[in-house]
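Worksheet: the structure to be examined is printed underneath.
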Amino acid sequence: MSIACDQAACGRYPLTDVVAVVDDGVSPFELAVACEVFGIDRSDAGVPTVDFAIASPRPGVVRGEAGLGVVADHRLDRLATADLVVVPACGTGYRPGPDLVAALEDVVARGGRVVSLCSGAFVLARAGLLDGRRATTHWRYEKEFQEAFPEVDLVPDVLFVEDGPVASSAGTAAGIDLCLHIVRSAFGAAAANTVARRMVVPPQRDGGQAQYVESPVRDVEARTLAPVLDWAVAHLDEDLSVAVLARRAAMSERTFARRFREETGTTPHAWLLLRRVALAEELLETGDLAVEEVARRCGFGSATMLRHHFTRLRGTPPSRYRRTFGHAG
């Protein structure tokens with residue numbers, strides 16, 4: 001599932017006055033997402049206009065990533081009238097000052113909304129706005145976020161989470177999904193579709209972050225079993241039961257299973273599933289084989305089993321994965 005949303009909250013909040021907050025380290029992409037979705041006048045296409053502004057805790061040039069320089073026209077007092085405040089990514093180490101924390105708290109206290117894009121969730125967490133709430137962030141920062149903010153209910157493998165007046169998106173482009181969701185809940189599907197069409201992006205994506213995680217198969221330091229593992233990877237389309245692998249390793253099944261866990265940290269079944277899904281990803285990305293043939297070459301036996309395991313581990317079915325990442329996609 002791509003969205004964790006409090007459906008009762010949808011449409012509850014107005015969308016007339018939007019402010020994006022920037023400071024040193026701001027990500028150009030996430031800031032641009034807020035500007036593109038909320039700051040462009042599309043009234044000629046029937047989309048309601050929004051009073052959009054960029055604010056910063058201090059005057060002068062804000063130094064963003066990749067050499068970007070931003071001069072915000074407003075200070076934090078501009079948040080006093082905003083019904084939506086967007087906090088783009090400023091890096092996981094950014095710590096909001098007391099003035100910014102107070103301004104964000106005030107937005108929520110008077111019935112407004114605050115949303116973060118990507119690592120902007122760290123700002124909201126440090127401001128205390130996520131305590132006891134569900135939230136998400138980029139998959140790369142999940143462990144760091146959980147360790148730093150155990151009081152936050154981190155929801156992995158979703159594109160965005162909405163919990164009452166506070167929402168957060170996953171990495172980079174997931175910010176587009178959240179911002180379009182806000183437009184959809186405020187102005188309806190037609191307005192969101194119009195904005196998406198102008199941006200040349202899908203109005204609503206399916207799937208979760210799992211399909212974007214690099215290297216789903218973790219490398220292991222196998223010692224005595226390395227030759228068997230290499231052989232198995234080259235024969236994923238064959239029967240690779242524990243009995244078969246144990247014979248290949250010249251061990252009893254019990255000894256093999258124990259040694260396998262010692263050297264890889266997992267079971268033969270789990271290890272093979274990840275390898276087979278990784279091969280399926282490669283075949284779906286680089287070729288046009290039928291799903292049934294992909295399933296056979298990966299050792300799943302049937303398209304049904306491939307769909308089951310692929311969807312469970314990667315958060316999206318094989319056909320949709322191909323449309324997203326395939327050469328023809």
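Following the order of the structure tokens, first chain is A, next is B, and so on, with residues numbered from 1 inside each chain and ligands from 1 in the order they appear.
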
Identify, on the basis of only C-alpha atoms, every residue whose closest approach to Ala89 (chain A) does not exceed 7 Å; exclude the query and any residue fewer than 2 positions from it along the same chain; express the result as a ChimeraX atom specification.
-> /A:26-27,30,87,91,117-120

Those of region 53-127 of chain A in DSSP strand (DSSP E or B), formatted as a count of residues only | 18

Atomic distance CA of Ala186 (chain A) - CA of Glu105 (chain A), expressed in Å with one decimal =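 Between CA of Ala186 (chain A) and CA of Glu105 (chain A) the gap works out to 22.0 Å.
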
Please provide the set of residues having any atom within 12 Å of region 239-241 of chain A, restricted to only C-alpha atoms, with same-chain residues fewer than 2 positions apart removed, written as a ChimeraX atom specification.
-> /A:228-229,231-237,243-248,253,256-257,267-273,275-276,296-301

Applying 9 Å and only C-alpha atoms, which residues near Ala135 (chain A) remain after dropping the ones on its own chain fewer than 6 positions away? List them as a JSON list (two decimals) with N, CA and C atoms, in the first residue's frame.
[["chain", "number", "residue", "atom", "x", "y", "z"],
["A", 4, "ALA", "N", -0.59, 5.80, 3.89],
["A", 4, "ALA", "CA", -1.17, 5.56, 5.21],
["A", 4, "ALA", "C", -1.88, 6.85, 5.57],
["A", 121, "ALA", "N", 11.12, 15.05, 7.85],
["A", 121, "ALA", "CA", 10.50, 14.40, 9.00],
["A", 121, "ALA", "C", 11.35, 14.55, 10.26],
["A", 152, "VAL", "N", 8.00, 8.01, 18.00],
["A", 152, "VAL", "CA", 7.27, 8.17, 16.75],
["A", 152, "VAL", "C", 6.98, 6.80, 16.15],
["A", 153, "ASP", "N", 5.78, 6.59, 15.66],
["A", 153, "ASP", "CA", 5.38, 5.33, 15.02],
["A", 153, "ASP", "C", 5.79, 5.39, 13.55],
["A", 154, "LEU", "N", 7.02, 4.96, 13.26],
["A", 154, "LEU", "CA", 7.52, 5.02, 11.88],
["A", 154, "LEU", "C", 6.84, 3.95, 11.03],
["A", 155, "VAL", "N", 6.30, 4.36, 9.90],
["A", 155, "VAL", "CA", 5.64, 3.45, 8.98],
["A", 155, "VAL", "C", 6.54, 3.29, 7.76],
["A", 156, "PRO", "N", 7.20, 2.15, 7.61],
["A", 156, "PRO", "CA", 8.09, 1.96, 6.46],
["A", 156, "PRO", "C", 7.30, 1.55, 5.22],
["A", 160, "PHE", "N", 3.67, 8.04, 1.57],
["A", 160, "PHE", "CA", 3.44, 9.11, 2.53],
["A", 160, "PHE", "C", 2.48, 8.65, 3.60],
["A", 161, "VAL", "N", 2.50, 9.39, 4.71],
["A", 161, "VAL", "CA", 1.63, 9.10, 5.85],
["A", 161, "VAL", "C", 0.93, 10.40, 6.26],
["A", 162, "GLU", "N", -0.35, 10.32, 6.49],
["A", 162, "GLU", "CA", -1.11, 11.46, 7.01],
["A", 162, "GLU", "C", -1.72, 11.05, 8.34],
["A", 163, "ASP", "N", -1.38, 11.77, 9.39],
["A", 163, "ASP", "CA", -1.90, 11.49, 10.72],
["A", 163, "ASP", "C", -2.42, 12.78, 11.31],
["A", 166, "VAL", "N", -0.69, 16.48, 10.72],
["A", 166, "VAL", "CA", 0.72, 16.33, 10.37],
["A", 166, "VAL", "C", 0.86, 15.21, 9.36],
["A", 167, "ALA", "N", 1.62, 15.47, 8.29],
["A", 167, "ALA", "CA", 1.85, 14.46, 7.25],
["A", 167, "ALA", "C", 3.32, 14.44, 6.90],
["A", 168, "SER", "N", 3.78, 13.31, 6.37],
["A", 168, "SER", "CA", 5.18, 13.18, 5.99],
["A", 168, "SER", "C", 5.28, 12.28, 4.77],
["A", 169, "SER", "N", 6.28, 12.55, 3.94],
["A", 169, "SER", "CA", 6.47, 11.75, 2.74],
["A", 169, "SER", "C", 7.79, 11.00, 2.80]]
